[in-house]
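A.B. asks: mmCIF, C-alpha atoms, file structure-v5.cif:
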data_upload
loop_
_atom_site.label_atom_id
_atom_site.label_comp_id
_atom_site.auth_asym_id
_atom_site.auth_seq_id
_atom_site.Cartn_x
_atom_site.Cartn_y
_atom_site.Cartn_z
CA MET A 5 -0.06 -17.97 -28.38
CA LYS A 6 2.89 -19.15 -26.34
CA TYR A 7 2.31 -16.27 -23.92
CA TRP A 8 -1.32 -17.22 -23.42
CA ALA A 9 -0.34 -20.84 -22.81
CA ASP A 10 2.29 -19.73 -20.29
CA LEU A 11 -0.23 -17.51 -18.57
CA LYS A 12 -2.77 -20.31 -18.36
CA TYR A 13 -0.10 -22.61 -17.00
CA LYS A 14 0.82 -20.09 -14.33
CA LEU A 15 -2.82 -19.58 -13.36
CA ARG A 16 -3.32 -23.34 -13.02
CA ASP A 17 -1.95 -23.46 -9.48
CA PRO A 18 -3.63 -20.78 -7.35
CA ILE A 19 -1.92 -21.93 -4.14
CA ALA A 20 1.58 -21.44 -5.57
CA LEU A 21 0.54 -18.12 -7.07
CA GLY A 22 -1.31 -17.00 -3.94
CA THR A 23 1.54 -17.77 -1.57
CA GLN A 24 3.96 -15.95 -3.90
CA LEU A 25 1.77 -12.83 -3.94
CA LEU A 26 1.16 -13.07 -0.19
CA LEU A 27 4.92 -13.11 0.39
CA LEU A 28 5.37 -10.05 -1.82
CA LEU A 29 2.61 -8.22 0.04
CA LEU A 30 3.99 -9.30 3.40
CA GLY A 31 7.49 -8.14 2.44
CA ILE A 32 6.30 -4.68 1.40
CA TYR A 33 4.05 -4.34 4.46
CA SER A 34 6.94 -5.34 6.75
CA LEU A 35 9.18 -2.80 5.07
CA LEU A 36 6.62 -0.02 5.54
CA MET A 37 6.18 -1.01 9.19
CA ALA A 38 9.90 -1.59 9.77
CA GLU A 39 10.46 1.48 11.92
CA GLN A 40 7.83 0.51 14.49
CA ASN A 41 9.24 -1.36 17.50
CA ARG A 42 12.70 -1.54 15.94
CA ARG A 43 14.31 -2.64 19.18
CA TRP A 44 12.54 -5.99 18.97
CA LYS A 45 12.69 -6.42 15.23
CA VAL A 46 16.45 -6.02 14.93
CA PRO A 47 17.42 -9.26 16.77
CA VAL A 48 14.66 -11.26 15.06
CA LEU A 49 15.68 -10.01 11.63
CA PHE A 50 19.38 -10.54 12.33
CA ILE A 51 18.98 -14.12 13.45
CA GLY A 52 16.42 -14.90 10.74
CA LEU A 53 18.44 -13.35 7.95
CA SER A 54 21.73 -14.99 8.90
CA ALA A 55 19.99 -18.36 9.23
CA TRP A 56 18.36 -17.88 5.84
CA ILE A 57 21.67 -16.99 4.19
CA LEU A 58 23.65 -19.78 5.86
CA TRP A 59 21.13 -22.61 5.53
CA GLN A 60 19.34 -21.53 2.37
CA ASN A 61 19.42 -24.99 0.84
CA LYS A 62 17.75 -26.69 3.75
CA LYS A 63 14.17 -25.96 2.85
CA LYS A 64 12.73 -27.71 5.85
CA HIS A 65 11.12 -24.60 7.30
CA PRO A 66 9.52 -21.60 5.56
CA LEU A 67 12.08 -19.30 7.15
CA ILE A 68 11.19 -16.01 5.45
CA TYR A 69 7.53 -16.49 6.24
CA ILE A 70 8.34 -17.28 9.87
CA VAL A 71 10.62 -14.26 10.33
CA LEU A 72 8.14 -11.83 8.76
CA CYS A 73 5.34 -13.43 10.77
CA LEU A 74 7.33 -12.76 13.94
CA LEU A 75 7.59 -9.10 12.91
CA LEU A 76 3.79 -8.98 12.55
CA ILE A 77 3.44 -10.48 16.03
CA ILE A 78 5.89 -7.94 17.52
CA ASP A 79 3.81 -5.06 16.12
CA LEU A 80 0.62 -6.71 17.29
CA TYR A 81 1.95 -7.17 20.80
CA HIS A 82 3.20 -3.60 21.17
CA ASP A 83 0.51 -1.76 19.19
CA TYR A 84 -2.47 -4.03 19.67
CA PHE A 85 -5.02 -1.20 19.51
CA TRP A 86 -3.17 0.82 16.86
CA VAL A 87 -2.56 -1.60 13.98
CA GLY A 88 -5.13 -1.74 11.17
CA ASN A 89 -7.69 -4.51 10.89
CA HIS A 90 -5.88 -6.00 7.91
CA HIS A 91 -2.81 -6.50 10.10
CA TYR A 92 -4.79 -9.17 11.95
CA MET A 93 -6.12 -10.71 8.74
CA LEU A 94 -2.64 -10.73 7.20
CA LEU A 95 -1.27 -12.47 10.28
CA PHE A 96 -3.97 -15.16 10.12
CA MET A 97 -3.34 -15.75 6.41
CA VAL A 98 0.41 -15.97 6.96
CA LEU A 99 -0.11 -18.42 9.83
CA SER A 100 -2.31 -20.54 7.55
CA VAL A 101 0.41 -20.62 4.89
CA ILE A 102 3.13 -21.46 7.44
CA ILE A 103 1.21 -24.44 8.82
CA TYR A 104 0.42 -25.46 5.23
CA ASP A 105 4.16 -25.88 4.74
CA TYR A 106 4.03 -28.64 7.36
CA HIS A 107 0.70 -30.41 6.69
CA LYS A 108 0.84 -29.91 2.88
CA ARG A 109 -2.90 -30.36 2.56
CA ASN A 110 -4.61 -28.12 0.02
CA ASP A 111 -8.08 -28.74 1.45
CA VAL A 112 -6.98 -27.57 4.92
CA LEU A 113 -5.35 -24.38 3.59
CA LEU A 114 -8.41 -23.57 1.47
CA LYS A 115 -10.75 -24.20 4.41
CA ASN A 116 -8.63 -21.86 6.57
CA ILE A 117 -8.77 -19.13 3.93
CA GLN A 118 -12.48 -19.62 3.22
CA ILE A 119 -13.66 -19.54 6.84
CA LEU A 120 -11.30 -16.68 7.74
CA PHE A 121 -12.72 -14.68 4.83
CA VAL A 122 -16.30 -15.40 5.91
CA VAL A 123 -15.55 -14.48 9.54
CA VAL A 124 -13.96 -11.17 8.49
CA ILE A 125 -16.74 -10.10 6.12
CA LEU A 126 -19.52 -11.24 8.48
CA ALA A 127 -17.90 -9.34 11.36
CA SER A 128 -17.59 -6.25 9.20
CA GLY A 129 -21.29 -6.51 8.28
CA LEU A 130 -22.42 -7.14 11.87
CA GLN A 131 -20.34 -4.21 13.15
CA LYS A 132 -22.18 -1.99 10.70
CA LEU A 133 -25.58 -3.41 11.74
CA MET A 134 -24.70 -2.67 15.38
CA SER A 135 -23.69 0.93 14.67
CA SER A 136 -26.64 3.32 14.68
CA GLN A 137 -24.46 6.06 13.20
CA PHE A 138 -23.77 3.80 10.21
CA MET A 139 -27.26 2.37 9.65
CA SER A 140 -28.94 5.81 9.83
CA GLY A 141 -26.69 6.96 6.99
CA ASP A 142 -25.16 9.67 9.22
CA PHE A 143 -21.64 8.22 8.82
CA TYR A 144 -21.68 8.11 5.00
CA TYR A 145 -23.36 11.53 4.95
CA TYR A 146 -20.53 12.96 7.05
CA MET A 147 -17.77 11.29 5.04
CA ILE A 148 -19.20 12.20 1.64
CA ASN A 149 -19.97 15.83 2.57
CA ARG A 150 -16.48 16.18 3.98
CA GLY A 151 -15.09 14.93 0.66
CA THR A 152 -13.29 11.93 2.17
CA LEU A 153 -15.31 9.25 0.39
CA PHE A 154 -15.44 8.97 -3.41
CA LYS A 155 -12.56 11.47 -3.44
CA ASN A 156 -11.40 10.37 -6.88
CA PHE A 157 -14.85 10.93 -8.38
CA VAL A 158 -15.77 14.16 -6.65
CA ARG A 159 -12.83 15.92 -8.27
CA PHE A 160 -14.64 15.63 -11.63
CA PHE A 161 -17.45 17.79 -10.22
CA PRO A 162 -15.83 21.13 -9.36
CA GLU A 163 -18.99 22.55 -7.73
CA SER A 164 -19.35 19.55 -5.43
CA LEU A 165 -15.66 19.70 -4.63
CA ASP A 166 -16.06 23.35 -3.60
CA VAL A 167 -18.98 22.48 -1.31
CA ALA A 168 -16.98 19.65 0.26
CA LYS A 169 -14.04 21.97 0.81
CA SER A 170 -16.24 24.59 2.45
CA ASN A 171 -17.82 21.93 4.71
CA ALA A 172 -14.37 20.74 5.76
CA LYS A 173 -13.31 24.34 6.40
CA ASN A 174 -16.42 25.05 8.53
CA MET A 175 -15.82 21.89 10.57
CA PHE A 176 -12.20 22.88 11.08
CA GLU A 177 -13.22 26.35 12.24
CA LEU A 178 -15.81 24.93 14.63
CA GLN A 179 -13.05 22.78 16.11
CA ALA A 180 -11.34 25.96 17.29
CA VAL A 181 -14.46 27.11 19.17
CA ASP A 182 -14.94 26.03 22.81
CA PRO A 183 -17.26 23.00 22.50
CA ASN A 184 -18.96 23.95 25.80
CA LEU A 185 -20.65 26.86 23.99
CA GLY A 186 -22.73 24.29 22.12
CA GLU A 187 -22.32 25.92 18.71
CA SER A 188 -23.27 23.98 15.59
CA ILE A 189 -23.05 24.32 11.82
CA THR A 190 -25.23 23.05 9.00
CA LEU A 191 -23.46 20.96 6.39
CA LYS A 192 -24.23 21.69 2.75
CA ASN A 193 -24.93 18.68 0.57
CA ILE A 194 -22.38 18.09 -2.18
CA PHE A 195 -25.12 16.28 -4.11
CA PRO A 196 -28.90 16.72 -3.73
CA ASN A 197 -30.78 14.31 -1.42
CA LEU A 198 -27.54 13.09 0.10
CA GLY A 199 -29.27 12.24 3.41
CA ALA A 200 -31.61 9.73 1.77
CA ILE A 201 -28.90 8.42 -0.55
CA SER A 202 -26.56 7.81 2.43
CA HIS A 203 -29.28 5.90 4.24
CA ILE A 204 -29.92 3.63 1.25
CA PHE A 205 -26.20 3.28 0.54
CA ALA A 206 -25.63 2.11 4.14
CA TRP A 207 -28.23 -0.66 3.78
CA VAL A 208 -26.94 -1.66 0.34
CA THR A 209 -23.40 -1.95 1.77
CA VAL A 210 -24.45 -4.25 4.60
CA ILE A 211 -26.72 -6.42 2.45
CA PHE A 212 -24.03 -6.77 -0.21
CA GLU A 213 -21.39 -7.73 2.35
CA MET A 214 -23.69 -10.33 3.85
CA ILE A 215 -24.51 -11.79 0.42
CA VAL A 216 -20.80 -12.09 -0.44
CA ALA A 217 -20.00 -13.69 2.93
CA PHE A 218 -22.76 -16.29 2.59
CA ALA A 219 -21.99 -16.93 -1.09
CA ILE A 220 -18.34 -17.75 -0.27
CA LEU A 221 -19.44 -19.83 2.73
CA TRP A 222 -21.99 -21.78 0.70
CA LYS A 223 -20.19 -22.13 -2.63
CA PRO A 224 -16.56 -21.05 -2.24
CA LYS A 225 -15.59 -22.03 -5.77
CA SER A 226 -18.57 -20.81 -7.75
CA THR A 227 -18.10 -18.22 -10.46
CA GLY A 228 -21.14 -16.27 -9.24
CA ALA A 229 -19.76 -15.86 -5.72
CA HIS A 230 -16.42 -14.65 -7.09
CA LEU A 231 -18.04 -12.20 -9.50
CA LEU A 232 -19.84 -10.69 -6.50
CA LEU A 233 -16.60 -10.58 -4.51
CA ILE A 234 -14.71 -8.88 -7.35
CA LEU A 235 -17.55 -6.38 -7.68
CA MET A 236 -17.36 -5.67 -3.94
CA ILE A 237 -13.58 -5.19 -4.02
CA LEU A 238 -13.75 -2.83 -7.00
CA GLY A 239 -16.65 -0.96 -5.37
CA ILE A 240 -14.70 -0.43 -2.15
CA LEU A 241 -11.56 0.61 -4.05
CA SER A 242 -13.61 3.25 -5.86
CA THR A 243 -14.69 4.82 -2.56
CA ARG A 244 -11.21 4.82 -1.06
CA PHE A 245 -7.82 3.26 -1.81
CA GLU A 246 -8.05 0.69 0.99
CA THR A 247 -5.47 -1.27 -0.95
CA GLY A 248 -3.97 -3.25 1.93
CA PHE A 249 -7.27 -4.77 2.94
CA MET A 250 -8.53 -5.24 -0.61
CA ALA A 251 -5.34 -7.06 -1.62
CA LEU A 252 -6.02 -9.57 1.16
CA LEU A 253 -9.67 -10.04 0.11
CA ALA A 254 -8.56 -10.53 -3.51
CA LEU A 255 -5.89 -12.99 -2.36
CA SER A 256 -8.54 -15.01 -0.53
CA GLY A 257 -10.57 -14.95 -3.74
CA LEU A 258 -7.57 -16.12 -5.77
CA PHE A 259 -6.92 -19.06 -3.43
CA LEU A 260 -10.53 -20.24 -3.60
CA CYS A 261 -11.50 -19.50 -7.20
CA ASN A 262 -11.75 -22.18 -9.90
CA ASN A 263 -12.12 -20.03 -13.00
CA THR A 264 -8.94 -19.09 -14.92
CA TYR A 265 -10.25 -15.70 -16.08
CA LEU A 266 -11.37 -14.72 -12.60
CA ARG A 267 -7.99 -15.83 -11.22
CA LEU A 268 -6.36 -13.53 -13.74
CA MET A 269 -8.67 -10.74 -12.58
CA TYR A 270 -7.67 -11.35 -8.95
CA VAL A 271 -3.97 -11.35 -9.85
CA LEU A 272 -4.38 -8.01 -11.63
CA ILE A 273 -6.28 -6.52 -8.66
CA ILE A 274 -3.64 -7.74 -6.18
CA THR A 275 -0.78 -6.49 -8.36
CA GLY A 276 -2.54 -3.13 -8.75
CA CYS A 277 -2.99 -2.87 -4.98
CA ILE A 278 0.65 -3.82 -4.38
CA VAL A 279 1.79 -1.11 -6.80
CA LEU A 280 -0.42 1.50 -5.08
CA ILE A 281 0.87 0.43 -1.65
CA PHE A 282 4.47 0.47 -2.84
CA THR A 283 4.15 3.99 -4.22
CA LYS A 284 2.17 5.04 -1.14
CA LEU A 285 -0.81 6.13 -3.22
CA GLY A 286 -2.89 3.55 -1.36
CA TYR A 287 -3.13 2.64 2.30
CA HIS A 288 -0.86 -0.20 3.42
CA MET B 10 -12.03 -49.04 22.09
CA ILE B 11 -8.57 -47.93 21.04
CA GLU B 12 -9.79 -47.59 17.49
CA ILE B 13 -12.59 -45.24 18.58
CA GLU B 14 -10.10 -43.15 20.52
CA VAL B 15 -7.77 -42.90 17.51
CA MET B 16 -10.69 -41.87 15.31
CA HIS B 17 -11.66 -39.30 17.88
CA ASN B 18 -8.14 -37.86 17.96
CA ILE B 19 -8.02 -37.68 14.18
CA LYS B 20 -11.32 -35.80 14.18
CA ILE B 21 -10.03 -33.30 16.75
CA LYS B 22 -6.81 -32.78 14.77
CA GLU B 23 -8.83 -32.30 11.60
CA PHE B 24 -11.05 -29.72 13.28
CA VAL B 25 -8.10 -27.78 14.75
CA LEU B 26 -6.30 -27.74 11.39
CA LYS B 27 -9.33 -26.51 9.50
CA TYR B 28 -10.93 -24.17 12.00
CA GLY B 29 -8.14 -23.27 14.49
CA ILE B 30 -6.97 -20.10 12.78
CA PRO B 31 -10.47 -18.82 11.91
CA SER B 32 -11.45 -19.46 15.55
CA LEU B 33 -8.55 -17.29 16.62
CA ALA B 34 -9.98 -14.53 14.45
CA VAL B 35 -13.35 -14.95 16.19
CA VAL B 36 -11.69 -14.71 19.62
CA ILE B 37 -9.98 -11.43 18.62
CA ILE B 38 -13.33 -10.09 17.36
CA LEU B 39 -15.01 -10.98 20.68
CA ILE B 40 -12.21 -9.24 22.61
CA GLN B 41 -12.67 -6.16 20.43
CA LEU B 42 -16.43 -6.13 21.03
CA PHE B 43 -15.76 -6.39 24.77
CA PHE B 44 -13.44 -3.36 24.65
CA VAL B 45 -15.86 -1.40 22.45
CA ASN B 46 -18.76 -2.01 24.82
CA THR B 47 -17.00 -1.66 28.17
CA GLN B 48 -13.95 0.56 27.54
CA ARG B 49 -15.27 2.83 24.78
CA LEU B 50 -12.71 1.59 22.24
CA ASN B 51 -13.36 3.17 18.85
CA LYS B 52 -14.77 0.57 16.47
CA TRP B 53 -12.12 1.25 13.83
CA LYS B 54 -9.44 -0.53 15.84
CA GLY B 55 -8.77 -3.71 17.80
CA GLY B 56 -9.19 -6.28 15.04
CA GLY B 57 -12.99 -6.44 15.08
CA TYR B 58 -13.32 -5.27 11.45
CA GLY B 59 -15.44 -2.28 12.47
CA MET B 60 -13.70 0.19 10.16
CA TYR B 61 -16.00 2.64 8.37
CA THR B 62 -18.84 2.04 10.84
CA GLU B 63 -18.51 5.28 12.81
CA ILE B 64 -16.61 8.56 12.63
CA HIS B 65 -12.88 7.99 13.04
CA TYR B 66 -11.35 8.67 16.47
CA TYR B 67 -9.04 11.19 14.80
CA TYR B 68 -11.96 13.63 14.94
CA ASN B 69 -12.52 13.27 18.69
CA GLN B 70 -11.48 16.43 20.45
CA ILE B 71 -9.66 16.87 23.75
CA HIS B 72 -10.61 20.15 25.39
CA ILE B 73 -8.81 21.58 28.42
CA PRO B 74 -10.20 24.99 29.47
CA GLY B 75 -7.39 27.53 29.66
CA MET B 76 -4.78 25.34 28.02
CA SER B 77 -3.69 24.70 24.43
CA VAL B 78 -3.56 21.00 23.60
CA ASP B 79 -1.31 21.68 20.60
CA SER B 80 1.40 23.28 22.73
CA LEU B 81 1.16 20.39 25.21
CA LEU B 82 1.86 17.93 22.40
CA LYS B 83 4.85 19.79 21.04
CA ASN B 84 8.00 17.64 21.29
CA ASP B 85 6.48 15.40 23.94
CA LEU B 86 6.21 11.78 22.85
CA GLU B 87 4.78 10.57 26.17
CA MET B 88 2.03 13.19 25.99
CA LYS B 89 1.30 12.29 22.34
CA ASN B 90 0.86 8.65 23.33
CA ALA B 91 -1.36 9.42 26.32
CA LEU B 92 -3.64 11.88 24.48
CA GLY B 93 -3.70 9.70 21.35
CA PHE B 94 -4.81 6.75 23.43
CA LEU B 95 -7.46 8.91 25.08
CA MET B 96 -8.89 9.76 21.65
CA LEU B 97 -8.87 6.09 20.63
CA MET B 98 -10.43 4.87 23.88
CA PRO B 99 -12.12 7.82 25.58
CA ASN B 100 -12.96 6.31 29.00
CA LYS B 101 -12.57 7.57 32.58
CA ASN B 102 -9.39 5.63 33.18
CA ASN B 103 -7.61 7.15 30.18
CA LEU B 104 -8.96 10.61 31.06
CA ASN B 105 -7.43 10.27 34.54
CA LYS B 106 -4.12 9.03 33.16
CA ALA B 107 -3.90 11.88 30.65
CA GLY B 108 -4.94 14.40 33.32
CA GLU B 109 -2.30 13.21 35.76
CA LEU B 110 0.41 13.41 33.12
CA ILE B 111 -0.63 16.95 32.22
CA LEU B 112 -0.61 17.97 35.90
CA LYS B 113 2.86 16.52 36.24
CA THR B 114 4.31 18.26 33.18
CA THR B 115 2.62 21.65 33.62
CA HIS B 116 2.93 21.83 37.46
CA LYS B 117 -0.62 23.20 37.72
CA ASP B 118 -2.73 22.82 40.88
CA SER B 119 -5.80 21.47 39.14
CA ILE B 120 -7.10 20.57 35.75
CA HIS B 121 -10.44 20.09 33.98
CA ILE B 122 -10.15 17.80 30.97
CA GLN B 123 -12.94 16.92 28.56
CA ILE B 124 -13.23 14.61 25.54
CA TRP B 125 -15.78 15.43 22.81
CA LYS B 126 -16.93 13.64 19.68
CA PRO B 127 -18.48 15.00 16.49
CA ILE B 128 -22.19 14.35 15.92
CA VAL B 129 -24.03 14.68 12.65
CA ASN B 130 -27.61 14.35 11.47
CA SER B 131 -28.05 13.33 7.84
CA LYS B 132 -31.68 14.52 7.73
CA THR B 133 -31.00 18.13 8.70
CA GLY B 134 -27.28 18.58 8.01
CA PHE B 135 -26.78 19.49 11.68
CA TYR B 136 -23.17 19.09 12.80
CA SER B 137 -21.90 19.71 16.29
CA ARG B 138 -20.02 18.09 19.16
CA GLU B 139 -21.13 15.99 22.10
CA LEU B 140 -19.37 15.51 25.43
CA ILE B 141 -18.19 11.91 25.90
CA ASP B 142 -16.74 12.36 29.38
CA GLU B 143 -14.79 14.74 31.62
CA VAL B 144 -12.75 14.75 34.83
CA TYR B 145 -11.59 17.35 37.34
CA LEU B 146 -8.23 16.53 38.90
CA LYS B 147 -6.30 18.18 41.72
CA ASN B 148 -2.58 17.99 42.14
CA THR B 149 -1.96 16.08 45.37
CA ASP B 150 1.75 15.84 44.79
CA PHE B 151 2.99 18.79 46.91
#
Kindly present the structure from the file in structure tokens form.

C.D. replies:
Amino acid sequence: MKYWADLKYKLRDPIALGTQLLLLLLGIYSLLMAEQNRRWKVPVLFIGLSAWILWQNKKKHPLIYIVLCLLLIIDLYHDYFWVGNHHYMLLFMVLSVIIYDYHKRNDVLLKNIQILFVVVILASGLQKLMSSQFMSGDFYYYMINRGTLFKNFVRFFPESLDVAKSNAKNMFELQAVDPNLGESITLKNIFPNLGAISHIFAWVTVIFEMIVAFAILWKPKSTGAHLLLILMILGILSTRFETGFMALLALSGLFLCNNTYLRLMYVLIITGCIVLIFTKLGYH
Amino acid sequence: MIEIEVMHNIKIKEFVLKYGIPSLAVVIILIQLFFVNTQRLNKWKGGGYGMYTEIHYYYNQIHIPGMSVDSLLKNDLEMKNALGFLMLMPNKNNLNKAGELILKTTHKDSIHIQIWKPIVNSKTGFYSRELIDEVYLKNTDF
């Protein structure tokens, strides 16, 4: 029973827990990105690290956060169009936590996290609505028939896996043909009626994203909103190991959520994502 | 009067604290939309959260009649960057830049460079490629 009490005690303060997990995620992400733009990172890390070692006891500034945040900004400046979308979201979350260290107001931090989350999910939904290739189902159709979506499920259906492999092979072979000849191939469906299913799946995705965004905007602490968010995160993880992004969504959920059990769920999701990122099974 | 001004300042500070960072995210999204709509930036990148909304730029194809793109890329970081950027943002400007670099490295007199994207139709299973843009360049550097 002592363990359960300890666990409950730990889960009582989502801001302390969230900032701890964010730092862990940020550290691993920085390590994986360390080789990019090394020339700029070396002086920042050197100064930051020596300052941290020499003035460790003066906890006036969140030094580790600031140094790692600078590394994010260096990569953003040099590879603005190359970094992933979660790089931006991570930077905004880290900035929120850094300014929290100065204003110390929980309501401000939670408002930052809530509105950032809503902006990200709404943008993602609107981008899909604006893409005819997505809304027609053509994008999902292409990804699924190529075997790049639901990869971990398709392997349980050997016949479907074979069809996906042959589609990928045909596409690869077409790539070698001069595109000016106007040749085409016909993709084989790995499951029947995939065209219609992709179309419906596209609409379901957008509607679900919109519902989650508005639920968190309207009632950021409600159990219902967080159940939907957890469902969305698990759903996305089952299509692809987008662990970097999903860890950030789950972190936002953890910061905002009021329910101990759901907080535990978020912590497990984030930890799982961190493990997958660390072992490079998931995307960082 | 002074009291009203102080209240006003507090309100502004409150707003910046709560909505400053999310507003920054919105600004980045607007910049991304601008680049997508005017510079043909692929929706996957640029911080607009448009991942998984269209086929990834990795599958765009650079075609240069009479030349192998793979051998151009071999051990040439500058070429990798230029052609990679062309796939990510396949507009005229990047086509010209890539073309000029290829002319410079291969010492050819002229070049025809095209960028294609995959197209797919979920109703029929049709899969082919569509020309995004192309340029013809002549080497003026004699």

A.B. asks: Env of region 72-82 of chain B: 12 Å cut, atoms = all atoms listed in the file, seq-sep filter 4 positions within chain, self excluded. Answer as a ChimeraX atom specification.

C.D. replies: /A:179-185 /B:86-93,95-96,104,107-108,110-115,117,119-126,138-146

A.B. asks: Can you work out which residues from chain B touch chain A at a cut-off of 6 Å (counting all atoms listed in the file) and hand them back as a list in words?

C.D. replies: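 Every residue meeting the condition is included here: Lys27, Pro31, Lys54, Gly55, Gly56, Tyr58, Gly59, Thr62, Glu63, Asn130, Ser131, Lys132, Gly134, Phe135, Tyr136 and Ser137 of chain B.
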
A.B. asks: The PyMOL selection byres ((chain A and resi 220) around 10) on the file shown: which residues, as a list of chain:residue names?

C.D. replies: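 Checked against the file, the PyMOL selection byres ((chain A and resi 220) around 10) matches A:Gln118, A:Ile119, A:Phe121, A:Val122, A:Ile215, A:Val216, A:Ala217, A:Phe218, A:Ala219, A:Leu221, A:Trp222, A:Lys223, A:Pro224, A:Lys225, A:Ser226, A:Gly228, A:Ala229, A:His230, A:Leu232, A:Leu233, A:Gly257, A:Leu260, A:Cys261.
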
A.B. asks: Give me the residues near Leu97 (chain B) as a list of chain:residue names, where near means some atom within 6 Å (using only C-alpha atoms) and where sequence neighbours in that chain fewer than 3 positions away do not count.

C.D. replies: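 That gives B:Asn51, B:Tyr66, B:Phe94.
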
A.B. asks: Mind writing the picked residues with C-alpha atoms as an mmCIF file, in the coordinates of the input?

C.D. replies:
data_model
loop_
_atom_site.group_PDB
_atom_site.id
_atom_site.type_symbol
_atom_site.label_atom_id
_atom_site.label_comp_id
_atom_site.auth_asym_id
_atom_site.auth_seq_id
_atom_site.Cartn_x
_atom_site.Cartn_y
_atom_site.Cartn_z
ATOM 1 C CA ASN B 51 -13.360 3.170 18.850
ATOM 2 C CA TYR B 66 -11.350 8.670 16.470
ATOM 3 C CA PHE B 94 -4.810 6.750 23.430
#

A.B. asks: Considering only C-alpha atoms, can you say which of A:Ile194, A:Leu94, A:Arg267, A:Trp44 comes closest to Val158 (chain A)?

C.D. replies: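 When distances to Val158 (chain A) are compared using only C-alpha atoms, the smallest one comes from A:Ile194.
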
A.B. asks: At a cut-off of 9 Å, using only C-alpha atoms, what residues contact Arg49 (chain B)? Leave out same-chain residues fewer than 2 positions from it and give the result as a PDB file with C-alpha atoms, in the coordinates of the input.

C.D. replies:
ATOM      1  CA  PHE B  44     -13.440  -3.360  24.650  1.00  0.00           C
ATOM      2  CA  VAL B  45     -15.860  -1.400  22.450  1.00  0.00           C
ATOM      3  CA  ASN B  46     -18.760  -2.010  24.820  1.00  0.00           C
ATOM      4  CA  THR B  47     -17.000  -1.660  28.170  1.00  0.00           C
ATOM      5  CA  ASN B  51     -13.360   3.170  18.850  1.00  0.00           C
ATOM      6  CA  LYS B  52     -14.770   0.570  16.470  1.00  0.00           C
ATOM      7  CA  LEU B  97      -8.870   6.090  20.630  1.00  0.00           C
ATOM      8  CA  MET B  98     -10.430   4.870  23.880  1.00  0.00           C
ATOM      9  CA  PRO B  99     -12.120   7.820  25.580  1.00  0.00           C
ATOM     10  CA  ASN B 100     -12.960   6.310  29.000  1.00  0.00           C
TER      11      ASN B 100
END

A.B. asks: Please evaluate the PyMOL selection byres ((chain A and resi 277-279) around 12) against the displayed coordinates and give the resulting residues as a short mmCIF file (atom, residue, chain, number, x, y, z; two decimals) with C-alpha atoms, in the coordinates of the input.

C.D. replies:
data_model
loop_
_atom_site.label_atom_id
_atom_site.label_comp_id
_atom_site.auth_asym_id
_atom_site.auth_seq_id
_atom_site.Cartn_x
_atom_site.Cartn_y
_atom_site.Cartn_z
CA LEU A 25 1.77 -12.83 -3.94
CA LEU A 26 1.16 -13.07 -0.19
CA LEU A 27 4.92 -13.11 0.39
CA LEU A 28 5.37 -10.05 -1.82
CA LEU A 29 2.61 -8.22 0.04
CA LEU A 30 3.99 -9.30 3.40
CA GLY A 31 7.49 -8.14 2.44
CA ILE A 32 6.30 -4.68 1.40
CA TYR A 33 4.05 -4.34 4.46
CA ILE A 237 -13.58 -5.19 -4.02
CA LEU A 238 -13.75 -2.83 -7.00
CA LEU A 241 -11.56 0.61 -4.05
CA ARG A 244 -11.21 4.82 -1.06
CA PHE A 245 -7.82 3.26 -1.81
CA GLU A 246 -8.05 0.69 0.99
CA THR A 247 -5.47 -1.27 -0.95
CA GLY A 248 -3.97 -3.25 1.93
CA PHE A 249 -7.27 -4.77 2.94
CA MET A 250 -8.53 -5.24 -0.61
CA ALA A 251 -5.34 -7.06 -1.62
CA LEU A 252 -6.02 -9.57 1.16
CA LEU A 253 -9.67 -10.04 0.11
CA ALA A 254 -8.56 -10.53 -3.51
CA LEU A 255 -5.89 -12.99 -2.36
CA TYR A 270 -7.67 -11.35 -8.95
CA VAL A 271 -3.97 -11.35 -9.85
CA LEU A 272 -4.38 -8.01 -11.63
CA ILE A 273 -6.28 -6.52 -8.66
CA ILE A 274 -3.64 -7.74 -6.18
CA THR A 275 -0.78 -6.49 -8.36
CA GLY A 276 -2.54 -3.13 -8.75
CA LEU A 280 -0.42 1.50 -5.08
CA ILE A 281 0.87 0.43 -1.65
CA PHE A 282 4.47 0.47 -2.84
CA THR A 283 4.15 3.99 -4.22
CA LYS A 284 2.17 5.04 -1.14
CA LEU A 285 -0.81 6.13 -3.22
CA GLY A 286 -2.89 3.55 -1.36
CA TYR A 287 -3.13 2.64 2.30
CA HIS A 288 -0.86 -0.20 3.42
#

A.B. asks: Quick one: pull the distance between CA of Lys6 (chain A) and CA of Ile234 (chain A), Å, one decimal.

C.D. replies: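 For CA of Lys6 (chain A) relative to CA of Ile234 (chain A), the distance reads 27.9 Å.
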
A.B. asks: Could you state the separation of CA of Ile19 (chain B) and CA of Ala34 (chain B) in Å, given to one decimal place?

C.D. replies: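 So the answer is 23.2 Å.
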
A.B. asks: Report as a ChimeraX atom specification all protein, DNA and RNA residues lying within 12 Å of region 10-16 of chain A, evaluated on all atoms listed in the file, omitting residues in the same chain fewer than 3 positions from it.

C.D. replies: /A:5-7,19-22,24,258-259,261-272

A.B. asks: Please enumerate the residues selected by the PyMOL selection byres ((chain A and resi 167) around 9) when evaluated against the supplied file, formatted as a list of chain:residue names.

C.D. replies: A:Asn149, A:Arg150, A:Gly151, A:Pro162, A:Glu163, A:Ser164, A:Leu165, A:Asp166, A:Ala168, A:Lys169, A:Ser170, A:Asn171, A:Ala172, A:Lys192, A:Asn193, A:Ile194
